[in-house]
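Below is upload_21.txt, holding compact mmCIF, C-alpha atoms.
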```
# COMPACT_ATOMS: atom_id res chain seq x y z
CA MET F 1 -70.78 19.58 -42.75
CA ALA F 2 -68.78 22.59 -43.89
CA CYS F 3 -65.17 23.32 -44.80
CA PHE F 4 -63.20 26.27 -43.48
CA ARG F 5 -60.12 27.55 -45.24
CA CYS F 6 -57.05 29.37 -43.96
CA PRO F 7 -56.78 32.55 -46.07
CA GLY F 8 -53.01 32.57 -45.63
CA CYS F 9 -51.82 29.13 -46.66
CA GLY F 10 -54.89 27.32 -47.93
CA TYR F 11 -55.14 24.69 -45.18
CA THR F 12 -58.73 23.46 -45.15
CA TYR F 13 -60.56 22.14 -42.10
CA ASP F 14 -63.24 19.74 -43.30
CA GLU F 15 -65.75 19.13 -40.51
CA SER F 16 -66.63 15.69 -41.89
CA GLN F 17 -62.95 14.65 -41.76
CA GLY F 18 -61.79 16.53 -38.66
CA ASP F 19 -58.02 16.57 -38.29
CA ALA F 20 -56.64 13.31 -36.95
CA HIS F 21 -53.11 14.61 -36.35
CA GLU F 22 -54.36 17.57 -34.34
CA GLY F 23 -56.79 15.42 -32.34
CA TYR F 24 -60.10 16.63 -33.78
CA PRO F 25 -62.23 13.57 -34.64
CA PRO F 26 -64.38 13.39 -37.82
CA GLY F 27 -67.58 15.33 -37.33
CA THR F 28 -66.08 17.97 -35.01
CA PRO F 29 -67.81 21.26 -35.95
CA PHE F 30 -65.47 24.16 -36.68
CA GLU F 31 -67.19 26.21 -33.99
CA ASP F 32 -66.30 23.57 -31.41
CA LEU F 33 -62.56 24.00 -32.06
CA PRO F 34 -60.84 25.82 -29.18
CA GLU F 35 -60.95 29.62 -29.30
CA ASP F 36 -57.15 29.75 -29.45
CA PHE F 37 -57.11 27.47 -32.50
CA VAL F 38 -54.50 28.54 -35.04
CA CYS F 39 -53.96 27.17 -38.53
CA PRO F 40 -52.13 23.85 -38.04
CA ASP F 41 -50.01 24.47 -41.15
CA CYS F 42 -48.92 28.12 -40.99
CA ALA F 43 -49.95 29.14 -37.44
CA VAL F 44 -50.26 32.79 -38.46
CA ARG F 45 -54.01 32.76 -39.07
CA GLU F 46 -56.38 32.28 -36.15
CA LYS F 47 -59.83 30.73 -35.88
CA GLY F 48 -61.58 34.02 -36.60
CA ASP F 49 -59.59 34.49 -39.81
CA PHE F 50 -60.83 31.25 -41.39
CA GLU F 51 -63.25 31.53 -44.29
CA ARG F 52 -66.11 29.17 -45.02
CA ALA F 53 -65.04 27.32 -48.17
CA ARG F 54 -68.08 25.22 -49.17
CA GLU F 55 -70.93 23.28 -47.67
CA MET Y 56 -32.08 27.04 -67.72
CA THR Y 57 -35.66 26.37 -66.72
CA SER Y 58 -37.98 29.18 -67.62
CA TYR Y 59 -41.35 29.85 -66.02
CA THR Y 60 -43.99 31.64 -68.05
CA LEU Y 61 -47.48 32.89 -67.43
CA ASP Y 62 -50.04 34.78 -69.50
CA HIS Y 63 -51.61 37.01 -66.91
CA PRO Y 64 -55.03 38.58 -67.63
CA THR Y 65 -53.90 42.09 -66.65
CA LEU Y 66 -50.10 41.98 -66.50
CA GLY Y 67 -49.66 40.23 -69.86
CA HIS Y 68 -46.89 37.76 -70.62
CA ILE Y 69 -44.58 37.08 -67.65
CA GLU Y 70 -41.36 35.12 -68.07
CA TYR Y 71 -38.95 34.34 -65.26
CA ARG Y 72 -35.64 32.49 -65.07
CA ASP Y 73 -34.21 31.66 -61.67
CA ARG Y 74 -30.56 32.68 -61.86
CA LYS Y 75 -29.98 31.13 -58.44
CA ARG Y 76 -31.30 27.72 -59.49
CA TYR Y 77 -27.94 25.95 -59.40
CA LEU Y 78 -26.46 28.19 -56.73
CA TRP Y 79 -28.82 26.44 -54.31
CA LEU Y 80 -26.46 23.47 -54.48
CA SER Y 81 -24.38 25.58 -52.06
CA SER Y 82 -26.98 25.03 -49.35
CA LEU Y 83 -26.79 21.29 -50.02
CA PHE Y 84 -23.00 21.10 -49.73
CA MET Y 85 -22.43 23.78 -47.08
CA PRO Y 86 -22.89 21.27 -44.20
CA LEU Y 87 -19.95 19.26 -45.59
CA PHE Y 88 -17.54 22.18 -45.34
CA PRO Y 89 -15.86 20.92 -42.11
CA MET Y 90 -14.57 17.97 -44.16
CA LEU Y 91 -12.27 20.45 -45.86
CA GLY Y 92 -10.61 21.23 -42.53
CA ILE Y 93 -10.05 17.54 -41.85
CA GLY Y 94 -8.76 17.01 -45.39
CA LEU Y 95 -6.33 19.93 -45.06
CA PHE Y 96 -5.10 18.47 -41.75
CA PHE Y 97 -4.16 15.23 -43.48
CA VAL Y 98 -2.45 17.14 -46.30
CA THR Y 99 -0.56 19.66 -44.16
CA GLY Y 100 -0.23 17.80 -40.84
CA SER Y 101 -1.06 21.06 -39.04
CA GLN Y 102 -3.86 21.21 -36.50
CA TRP Y 103 -4.41 24.86 -37.51
CA ALA Y 104 -6.08 23.50 -40.64
CA LEU Y 105 -8.96 22.37 -38.41
CA ALA Y 106 -9.89 26.02 -37.84
CA VAL Y 107 -10.57 26.60 -41.56
CA PRO Y 108 -14.34 25.86 -41.41
CA LEU Y 109 -14.81 28.32 -38.51
CA VAL Y 110 -12.76 30.97 -40.30
CA PHE Y 111 -14.95 30.39 -43.35
CA SER Y 112 -18.19 30.82 -41.39
CA TYR Y 113 -17.21 33.82 -39.29
CA GLY Y 114 -14.62 35.47 -41.53
CA VAL Y 115 -15.04 34.62 -45.19
CA ILE Y 116 -18.84 34.62 -45.33
CA PRO Y 117 -19.24 38.07 -43.69
CA PHE Y 118 -16.56 39.41 -46.05
CA LEU Y 119 -18.28 37.89 -49.10
CA ASP Y 120 -21.59 39.34 -47.95
CA TYR Y 121 -19.91 42.74 -47.79
CA ALA Y 122 -18.07 42.29 -51.09
CA LEU Y 123 -20.81 40.65 -53.19
CA GLY Y 124 -23.64 42.71 -51.75
CA SER Y 125 -27.36 42.36 -52.16
CA ASP Y 126 -29.39 39.95 -54.22
CA THR Y 127 -31.55 41.62 -56.85
CA ASN Y 128 -33.18 38.38 -57.95
CA ASN Y 129 -36.87 38.42 -57.03
CA PRO Y 130 -39.46 36.06 -58.51
CA PRO Y 131 -42.70 37.77 -59.56
CA GLU Y 132 -45.50 36.87 -57.14
CA GLU Y 133 -47.53 35.48 -60.07
CA ILE Y 134 -44.75 32.97 -60.85
CA VAL Y 135 -44.38 31.74 -57.26
CA PRO Y 136 -46.91 28.84 -57.64
CA GLN Y 137 -44.86 27.42 -60.55
CA LEU Y 138 -41.59 27.75 -58.59
CA GLU Y 139 -43.21 26.01 -55.64
CA GLU Y 140 -44.20 23.04 -57.83
CA ASP Y 141 -40.70 22.53 -59.27
CA ARG Y 142 -39.49 19.41 -57.45
CA TYR Y 143 -35.80 20.15 -58.05
CA TYR Y 144 -35.77 22.64 -55.19
CA ARG Y 145 -37.37 20.42 -52.63
CA VAL Y 146 -35.14 17.46 -53.52
CA LEU Y 147 -32.14 19.60 -52.55
CA THR Y 148 -33.56 20.08 -49.06
CA TRP Y 149 -34.22 16.35 -48.73
CA LEU Y 150 -30.64 15.52 -49.75
CA THR Y 151 -29.26 17.98 -47.21
CA VAL Y 152 -30.60 15.83 -44.36
CA PRO Y 153 -28.00 13.02 -44.62
CA MET Y 154 -25.20 15.60 -44.98
CA HIS Y 155 -25.66 16.65 -41.35
CA PHE Y 156 -25.38 13.06 -40.14
CA ILE Y 157 -22.32 12.43 -42.30
CA VAL Y 158 -20.41 15.46 -41.05
CA LEU Y 159 -21.12 14.87 -37.34
CA ILE Y 160 -20.11 11.20 -37.61
CA ALA Y 161 -16.98 12.12 -39.60
CA ILE Y 162 -15.84 14.76 -37.08
CA ALA Y 163 -16.60 12.41 -34.16
CA TRP Y 164 -14.56 9.68 -35.87
CA PHE Y 165 -11.70 12.13 -36.34
CA VAL Y 166 -11.80 13.26 -32.69
CA GLY Y 167 -12.06 9.67 -31.49
CA THR Y 168 -9.19 8.29 -33.55
CA GLN Y 169 -6.57 11.06 -33.84
CA SER Y 170 -4.13 12.35 -31.27
CA LEU Y 171 -5.20 15.97 -30.85
CA THR Y 172 -4.61 18.87 -28.48
CA VAL Y 173 -7.43 20.00 -26.19
CA TRP Y 174 -7.73 23.17 -28.28
CA SER Y 175 -8.18 21.15 -31.46
CA VAL Y 176 -10.90 19.03 -29.88
CA LEU Y 177 -12.62 22.21 -28.68
CA ALA Y 178 -12.37 23.79 -32.14
CA LEU Y 179 -13.77 20.63 -33.72
CA ALA Y 180 -16.65 20.45 -31.22
CA ILE Y 181 -17.53 24.09 -31.97
CA THR Y 182 -17.19 23.45 -35.70
CA ALA Y 183 -19.43 20.39 -35.49
CA GLY Y 184 -21.92 22.34 -33.38
CA SER Y 185 -21.90 25.23 -35.81
CA TYR Y 186 -22.65 22.98 -38.77
CA SER Y 187 -25.21 20.93 -36.82
CA GLY Y 188 -26.82 24.26 -35.98
CA LEU Y 189 -27.14 24.55 -39.73
CA GLY Y 190 -29.16 21.34 -39.44
CA ILE Y 191 -31.76 23.35 -37.52
CA ASN Y 192 -31.94 25.60 -40.60
CA THR Y 193 -32.52 22.54 -42.79
CA ALA Y 194 -35.21 21.34 -40.36
CA HIS Y 195 -36.70 24.84 -40.41
CA GLU Y 196 -37.11 24.72 -44.19
CA LEU Y 197 -38.57 21.19 -44.13
CA GLY Y 198 -40.66 21.49 -40.97
CA HIS Y 199 -42.74 24.37 -42.33
CA LYS Y 200 -43.91 22.34 -45.31
CA LYS Y 201 -47.23 20.56 -45.57
CA PRO Y 202 -46.23 17.07 -46.82
CA LEU Y 203 -45.82 14.58 -43.97
CA PHE Y 204 -42.64 13.23 -45.59
CA GLU Y 205 -40.90 16.59 -45.21
CA ARG Y 206 -42.08 17.03 -41.62
CA VAL Y 207 -40.70 13.60 -40.76
CA LEU Y 208 -37.39 14.53 -42.42
CA ALA Y 209 -37.31 17.65 -40.23
CA ARG Y 210 -37.78 15.50 -37.11
CA ILE Y 211 -34.97 13.23 -38.29
CA VAL Y 212 -32.45 15.99 -39.00
CA LEU Y 213 -33.21 17.65 -35.65
CA ALA Y 214 -31.76 14.53 -34.04
CA VAL Y 215 -28.28 15.74 -35.09
CA PRO Y 216 -28.27 18.92 -32.92
CA ALA Y 217 -30.49 17.09 -30.33
CA TYR Y 218 -33.17 19.75 -30.65
CA GLY Y 219 -36.27 17.69 -31.46
CA HIS Y 220 -38.74 20.21 -30.02
CA PHE Y 221 -37.72 22.92 -32.50
CA CYS Y 222 -40.30 22.53 -35.28
CA ILE Y 223 -43.29 22.29 -32.95
CA GLU Y 224 -42.18 25.20 -30.82
CA HIS Y 225 -41.13 27.31 -33.80
CA ASN Y 226 -44.16 26.73 -36.02
CA ARG Y 227 -46.85 26.85 -33.37
CA GLY Y 228 -45.19 29.09 -30.81
CA HIS Y 229 -42.71 31.50 -32.36
CA HIS Y 230 -44.75 32.21 -35.51
CA LYS Y 231 -47.84 32.92 -33.41
CA ASP Y 232 -46.15 35.11 -30.81
CA VAL Y 233 -43.28 36.62 -32.85
CA ALA Y 234 -42.27 40.20 -32.02
CA THR Y 235 -44.21 40.28 -28.76
CA PRO Y 236 -42.93 40.32 -25.17
CA GLU Y 237 -44.56 36.89 -24.71
CA ASP Y 238 -42.25 35.25 -27.26
CA PRO Y 239 -39.12 33.69 -25.73
CA ALA Y 240 -37.67 33.50 -29.26
CA SER Y 241 -37.90 37.27 -30.00
CA SER Y 242 -35.12 39.36 -28.50
CA ARG Y 243 -35.72 42.69 -26.79
CA MET Y 244 -33.91 45.99 -27.09
CA GLY Y 245 -31.22 46.14 -24.42
CA GLU Y 246 -31.16 42.35 -23.97
CA SER Y 247 -27.73 40.84 -24.59
CA ILE Y 248 -27.52 37.62 -26.56
CA TYR Y 249 -26.33 35.86 -23.40
CA ALA Y 250 -29.35 37.00 -21.36
CA PHE Y 251 -31.51 36.09 -24.34
CA ALA Y 252 -30.05 32.57 -24.53
CA LEU Y 253 -31.01 31.96 -20.90
CA ARG Y 254 -34.60 33.04 -21.66
CA GLU Y 255 -34.88 31.53 -25.15
CA ILE Y 256 -33.49 28.02 -24.68
CA PRO Y 257 -35.61 26.97 -21.66
CA GLY Y 258 -38.60 29.07 -22.82
CA ALA Y 259 -38.66 27.43 -26.23
CA PHE Y 260 -38.42 23.97 -24.72
CA ARG Y 261 -41.31 24.63 -22.32
CA ARG Y 262 -43.51 26.06 -25.06
CA GLY Y 263 -42.79 23.21 -27.51
CA TRP Y 264 -43.47 20.61 -24.83
CA ALA Y 265 -46.74 22.34 -23.82
CA VAL Y 266 -47.99 22.49 -27.44
CA GLU Y 267 -47.25 18.79 -27.96
CA ARG Y 268 -48.80 17.83 -24.61
CA GLU Y 269 -52.03 19.63 -25.58
CA ARG Y 270 -52.16 17.87 -28.96
CA LEU Y 271 -51.61 14.47 -27.36
CA ALA Y 272 -54.25 15.23 -24.71
CA ARG Y 273 -56.80 15.87 -27.47
CA LEU Y 274 -55.89 12.44 -28.84
CA GLY Y 275 -56.42 10.94 -25.38
CA LEU Y 276 -52.72 10.10 -25.05
CA PRO Y 277 -50.28 10.83 -22.22
CA VAL Y 278 -47.35 13.14 -22.95
CA TRP Y 279 -44.93 10.21 -22.51
CA SER Y 280 -46.26 8.47 -25.60
CA PRO Y 281 -44.44 6.97 -28.60
CA ARG Y 282 -46.53 9.36 -30.71
CA ASN Y 283 -44.93 12.35 -29.00
CA GLU Y 284 -43.05 13.83 -31.98
CA ILE Y 285 -40.53 15.56 -29.72
CA LEU Y 286 -39.66 12.29 -28.01
CA GLN Y 287 -39.35 10.56 -31.39
CA SER Y 288 -36.62 12.98 -32.40
CA TYR Y 289 -34.94 12.82 -28.98
CA ALA Y 290 -34.90 9.01 -29.22
CA LEU Y 291 -33.03 9.24 -32.50
CA SER Y 292 -30.59 11.71 -30.88
CA ALA Y 293 -30.00 9.23 -28.05
CA VAL Y 294 -29.30 6.43 -30.53
CA LEU Y 295 -26.98 8.60 -32.65
CA GLN Y 296 -25.01 10.15 -29.81
CA GLY Y 297 -25.01 6.91 -27.77
CA ALA Y 298 -23.56 5.08 -30.77
CA LEU Y 299 -20.82 7.73 -31.11
CA ILE Y 300 -19.89 7.25 -27.44
CA VAL Y 301 -19.79 3.47 -27.85
CA ALA Y 302 -17.77 3.72 -31.04
CA PHE Y 303 -15.27 6.45 -30.12
CA GLY Y 304 -15.06 6.37 -26.33
CA TRP Y 305 -15.49 8.81 -23.45
CA ILE Y 306 -13.91 11.71 -25.35
CA MET Y 307 -17.32 11.91 -27.03
CA LEU Y 308 -18.96 13.12 -23.79
CA PRO Y 309 -17.28 16.55 -23.61
CA PHE Y 310 -17.22 16.70 -27.43
CA LEU Y 311 -20.97 16.12 -27.75
CA LEU Y 312 -21.75 18.42 -24.83
CA VAL Y 313 -19.95 21.35 -26.49
CA HIS Y 314 -21.37 20.32 -29.89
CA ASN Y 315 -24.96 20.33 -28.65
CA ILE Y 316 -24.69 23.60 -26.76
CA TRP Y 317 -23.03 25.36 -29.70
CA ALA Y 318 -25.64 23.98 -32.12
CA TRP Y 319 -28.44 25.30 -29.91
CA PHE Y 320 -26.60 28.61 -29.60
CA GLN Y 321 -26.63 28.91 -33.41
CA LEU Y 322 -30.42 28.91 -33.31
CA THR Y 323 -30.30 31.37 -30.40
CA SER Y 324 -28.07 33.59 -32.52
CA ALA Y 325 -30.48 33.50 -35.46
CA ASN Y 326 -33.48 34.19 -33.25
CA TYR Y 327 -31.61 37.01 -31.54
CA ILE Y 328 -30.91 38.95 -34.73
CA GLU Y 329 -34.15 38.19 -36.58
CA HIS Y 330 -36.55 40.27 -34.46
CA TYR Y 331 -34.38 42.39 -32.14
CA GLY Y 332 -36.53 45.07 -30.51
CA LEU Y 333 -39.38 44.76 -33.01
CA LEU Y 334 -42.89 44.89 -31.56
CA ARG Y 335 -46.36 44.14 -32.87
CA GLN Y 336 -48.97 46.56 -31.55
CA LYS Y 337 -52.05 45.44 -29.64
CA GLU Y 338 -55.38 46.13 -31.32
CA ALA Y 339 -58.54 47.35 -29.58
CA ASN Y 340 -59.76 43.76 -29.13
CA GLY Y 341 -56.63 42.92 -27.14
CA ARG Y 342 -55.10 40.80 -29.89
CA TYR Y 343 -51.78 41.61 -31.45
CA GLU Y 344 -51.82 42.97 -34.98
CA ARG Y 345 -50.89 40.37 -37.59
CA CYS Y 346 -47.15 40.00 -38.18
CA GLN Y 347 -46.12 42.58 -40.78
CA PRO Y 348 -42.96 42.71 -42.94
CA HIS Y 349 -41.52 45.36 -40.59
CA HIS Y 350 -41.59 42.87 -37.70
CA SER Y 351 -38.52 40.96 -38.96
CA TRP Y 352 -34.95 41.95 -39.67
CA ASN Y 353 -33.76 40.86 -43.10
CA ALA Y 354 -30.39 40.35 -44.72
CA ASN Y 355 -30.68 40.26 -48.48
CA TYR Y 356 -27.02 39.39 -49.11
CA ILE Y 357 -26.52 36.94 -51.93
CA PHE Y 358 -23.78 34.79 -50.46
CA SER Y 359 -25.12 33.91 -47.02
CA ASN Y 360 -28.60 33.45 -48.48
CA ILE Y 361 -27.50 30.81 -50.95
CA VAL Y 362 -25.85 28.77 -48.20
CA LEU Y 363 -28.85 29.16 -45.84
CA PHE Y 364 -31.83 28.31 -48.07
CA HIS Y 365 -32.88 31.99 -48.13
CA LEU Y 366 -33.40 32.11 -44.36
CA GLU Y 367 -32.42 35.76 -44.36
CA ARG Y 368 -35.44 36.83 -46.43
CA HIS Y 369 -37.24 36.65 -43.17
CA SER Y 370 -40.17 39.04 -43.59
CA ASP Y 371 -41.65 37.08 -46.47
CA HIS Y 372 -41.10 33.89 -44.48
CA HIS Y 373 -43.17 35.20 -41.58
CA ALA Y 374 -45.87 36.45 -43.92
CA ASN Y 375 -45.97 33.10 -45.76
CA PRO Y 376 -44.46 30.45 -43.47
CA THR Y 377 -45.25 27.49 -45.73
CA ARG Y 378 -43.67 29.15 -48.79
CA ARG Y 379 -40.61 27.31 -50.09
CA TYR Y 380 -37.16 28.88 -49.95
CA GLN Y 381 -36.77 29.41 -53.71
CA SER Y 382 -39.90 31.58 -53.77
CA LEU Y 383 -39.11 33.95 -50.90
CA ARG Y 384 -39.08 37.55 -51.99
CA ASN Y 385 -37.27 40.65 -50.89
CA PHE Y 386 -39.15 43.90 -50.31
CA ASP Y 387 -38.04 47.49 -50.20
CA ASP Y 388 -38.34 49.49 -46.98
CA ILE Y 389 -38.15 46.60 -44.54
CA PRO Y 390 -35.75 46.34 -41.59
CA GLU Y 391 -32.37 45.41 -43.05
CA LEU Y 392 -29.30 44.17 -41.18
CA PRO Y 393 -25.93 45.70 -42.13
CA ASN Y 394 -24.38 42.28 -42.87
CA GLY Y 395 -25.49 38.67 -43.33
CA TYR Y 396 -26.38 36.40 -40.45
CA TYR Y 397 -22.86 35.13 -39.74
CA GLY Y 398 -21.46 38.64 -39.57
CA MET Y 399 -24.33 39.71 -37.36
CA TYR Y 400 -23.78 36.73 -35.04
CA LEU Y 401 -20.25 37.94 -34.44
CA LEU Y 402 -21.53 41.43 -33.70
CA ALA Y 403 -24.14 40.01 -31.30
CA TYR Y 404 -21.44 38.16 -29.35
CA VAL Y 405 -20.03 41.59 -28.37
CA PRO Y 406 -23.11 43.19 -26.76
CA TRP Y 407 -21.86 46.78 -26.42
CA LEU Y 408 -20.95 46.79 -30.12
CA TRP Y 409 -24.29 45.25 -31.04
CA TYR Y 410 -26.21 47.95 -29.14
CA ARG Y 411 -24.07 50.63 -30.75
CA VAL Y 412 -24.86 49.42 -34.26
CA MET Y 413 -28.39 48.11 -33.87
CA ASP Y 414 -30.15 50.39 -31.37
CA ARG Y 415 -29.72 53.39 -33.63
CA ARG Y 416 -30.86 51.37 -36.63
CA LEU Y 417 -33.88 50.06 -34.73
CA LEU Y 418 -35.03 53.50 -33.58
CA ALA Y 419 -34.57 54.92 -37.09
CA LEU Y 420 -37.00 52.43 -38.68
CA PRO Y 421 -39.81 54.28 -40.49
CA HIS Y 422 -42.55 52.72 -38.36
CA ILE Y 423 -40.73 53.56 -35.10
CA ARG Y 424 -38.98 56.93 -35.67
CA GLY Y 425 -37.74 57.07 -32.09
CA ASP Y 426 -41.10 56.15 -30.54
CA LEU Y 427 -40.11 53.74 -27.78
CA SER Y 428 -43.72 52.61 -27.32
CA LYS Y 429 -43.23 50.74 -30.59
CA VAL Y 430 -40.16 48.87 -29.37
CA ASN Y 431 -39.93 45.54 -27.53
CA ILE Y 432 -37.71 46.64 -24.62
CA ALA Y 433 -36.06 44.42 -22.00
CA PRO Y 434 -37.98 45.26 -18.75
CA ASP Y 435 -34.80 45.54 -16.66
CA LYS Y 436 -33.29 47.98 -19.18
CA ARG Y 437 -36.42 50.06 -19.74
CA GLU Y 438 -35.51 52.91 -17.40
CA ALA Y 439 -31.96 53.19 -18.72
CA ILE Y 440 -33.17 53.10 -22.35
CA LEU Y 441 -35.86 55.72 -21.70
CA ALA Y 442 -33.25 57.91 -20.01
CA ARG Y 443 -30.78 57.53 -22.85
CA HIS Y 444 -33.09 57.77 -25.84
CA GLY Y 445 -35.61 60.15 -24.33
CA GLN Y 446 -39.25 59.95 -23.40
CA VAL Y 447 -41.32 60.22 -26.54
CA ALA Y 448 -44.97 61.26 -26.53
CA GLY Y 449 -47.19 58.27 -25.96
CA VAL Y 450 -44.58 56.21 -24.17
CA THR Y 451 -45.82 54.41 -21.12
CA ALA Y 452 -43.68 52.32 -18.86
```

What would you get if you wrote out this structure as structure tokens?
Amino acid sequence: MACFRCPGCGYTYDESQGDAHEGYPPGTPFEDLPEDFVCPDCAVREKGDFERARE
Amino acid sequence: MTSYTLDHPTLGHIEYRDRKRYLWLSSLFMPLFPMLGIGLFFVTGSQWALAVPLVFSYGVIPFLDYALGSDTNNPPEEIVPQLEEDRYYRVLTWLTVPMHFIVLIAIAWFVGTQSLTVWSVLALAITAGSYSGLGINTAHELGHKKPLFERVLARIVLAVPAYGHFCIEHNRGHHKDVATPEDPASSRMGESIYAFALREIPGAFRRGWAVERERLARLGLPVWSPRNEILQSYALSAVLQGALIVAFGWIMLPFLLVHNIWAWFQLTSANYIEHYGLLRQKEANGRYERCQPHHSWNANYIFSNIVLFHLERHSDHHANPTRRYQSLRNFDDIPELPNGYYGMYLLAYVPWLWYRVMDRRLLALPHIRGDLSKVNIAPDKREAILARHGQVAGVTA
């Protein structure tokens, strides 16, 4: 499971945790997030902008 | 005064004192200003005193912006993380939340218990709406922050202007689509504020509702769910405004109607002036370029900024939406309005005057230089604008 970080505001999507508020259950791979996914915190960085943070 | 220091590996020793630290108390107490009008009424017995808060907003503040001028205070970027961590600043935004409830309840009590002329009730409803519109600014500051506590506070304060969909629509809609023709909350060149209001108010509601419906669908919940954060805020609005009607009678119906519409119109006014005519370009992949500092109009006037939690440093806000108000920075060579927000609202309410001042300023921006292909133009005004300002190479209809 990997983590992906928003380069703008630092929000981190942890695949093992998912994002309960946004409706992504634990274990949801980052690549399975919708293509129009935007950072849930700042909304100015899109899916393609996210950087892999750590394994 | 609190001093922030940093030993930077390349820049050396950096020390910064925030000279506006205690001036931010103005943003905390600004929502209470209508109480002064009520107090003066009791002292003088004249209903003209009730107009004082409106005169302050639309007369005194624009004058002070003109007289006191720009704000040279700018925190070094390296110091921003320390400023962000200083809890003093965020506590001020938390304490501002009850102020909006207090002032609406106080004005409603006054309207419900005093013998007033129709004009006085109208002035008070507009005053209350104006200062509840300020509540949307408080919600704006809180709703962009990461801690759940602050996001809940934003939902609570949005109950005062009855605009519970704002944070969802603004954060996830406006910030994503800003300065594009797709954004109902970005005004277009040639679009009057009144035409804009009719596009922005319903458009923002639809977009906020759609974003929340999608989130709830991912959670396997229907849109009419207690976990719908828009409905949570609306429910609080219904309780608050229902209680005012029960407590102070049917006079509250027209009062609250005018109050709500004027509060919403305050947000419309801010949205109208913040991105007028500005346009992000499409890249080869069909996506819009990222929002740049030149995609927002700014007003770096000291006075209106310290009563609006730095809302007017708008370019930095769009570049860093989660950044707290005390850390927002001004930049040189970004679109600058000729007065603060309140003065610009007044100008916007007179469309021909607005076009006269702003269209020239818009076309003179360094990244536009008269090139209308770089301007967000109202479709129904496109021909007239092209005829007036000339076809420029590269312009397509």

* In terms of the shortest atom-to-atom distance over all atoms listed in the file, which of Y:Ala272, Y:Leu109, Y:Ala419, Y:Leu286 is closest to chain F? ->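 Residue with the minimum atom-to-atom distance to chain F: Y:Ala272.
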
* What's the 9 Å shell around region 15-28 of chain F, counting all atoms listed in the file, without same-chain residues fewer than 4 positions away, as JSON, numbers by chain? -> {"F": [1, 2, 3, 4, 32, 33, 40], "Y": [270, 271, 272, 273, 274, 275]}

* To do: Would you be able to write out as a PyMOL selection string which residues have an atom within 10 Å of (-37.6, 18.3, -29.8) in the file's coordinates, counting only C-alpha atoms?
  => chain Y and resi 210+213-214+216-224+259-260+263-264+267+283-290+292

* **Test item: residues at most 7 Å from region 403-411 of chain Y, all atoms listed in the file, excluding those fewer than 4 positions along its chain, as a ChimeraX atom specification** => /Y:247-248,399,415

Just the residues within 12 Å of Val44 (chain F), please, counting only C-alpha atoms, with nothing from its chain fewer than 3 positions along; format it as a compact mmCIF listing (two decimals) with C-alpha atoms, in the frame of the given file.
```txt
# COMPACT_ATOMS: atom_id res chain seq x y z
CA CYS F 6 -57.05 29.37 -43.96
CA PRO F 7 -56.78 32.55 -46.07
CA GLY F 8 -53.01 32.57 -45.63
CA CYS F 9 -51.82 29.13 -46.66
CA GLY F 10 -54.89 27.32 -47.93
CA TYR F 11 -55.14 24.69 -45.18
CA ASP F 36 -57.15 29.75 -29.45
CA PHE F 37 -57.11 27.47 -32.50
CA VAL F 38 -54.50 28.54 -35.04
CA CYS F 39 -53.96 27.17 -38.53
CA PRO F 40 -52.13 23.85 -38.04
CA ASP F 41 -50.01 24.47 -41.15
CA LYS F 47 -59.83 30.73 -35.88
CA GLY F 48 -61.58 34.02 -36.60
CA ASP F 49 -59.59 34.49 -39.81
CA PHE F 50 -60.83 31.25 -41.39
CA HIS Y 199 -42.74 24.37 -42.33
CA HIS Y 225 -41.13 27.31 -33.80
CA ASN Y 226 -44.16 26.73 -36.02
CA ARG Y 227 -46.85 26.85 -33.37
CA GLY Y 228 -45.19 29.09 -30.81
CA HIS Y 229 -42.71 31.50 -32.36
CA HIS Y 230 -44.75 32.21 -35.51
CA LYS Y 231 -47.84 32.92 -33.41
CA ASP Y 232 -46.15 35.11 -30.81
CA VAL Y 233 -43.28 36.62 -32.85
CA TYR Y 343 -51.78 41.61 -31.45
CA GLU Y 344 -51.82 42.97 -34.98
CA ARG Y 345 -50.89 40.37 -37.59
CA CYS Y 346 -47.15 40.00 -38.18
CA GLN Y 347 -46.12 42.58 -40.78
CA HIS Y 372 -41.10 33.89 -44.48
CA HIS Y 373 -43.17 35.20 -41.58
CA ALA Y 374 -45.87 36.45 -43.92
CA ASN Y 375 -45.97 33.10 -45.76
CA PRO Y 376 -44.46 30.45 -43.47
CA THR Y 377 -45.25 27.49 -45.73
```
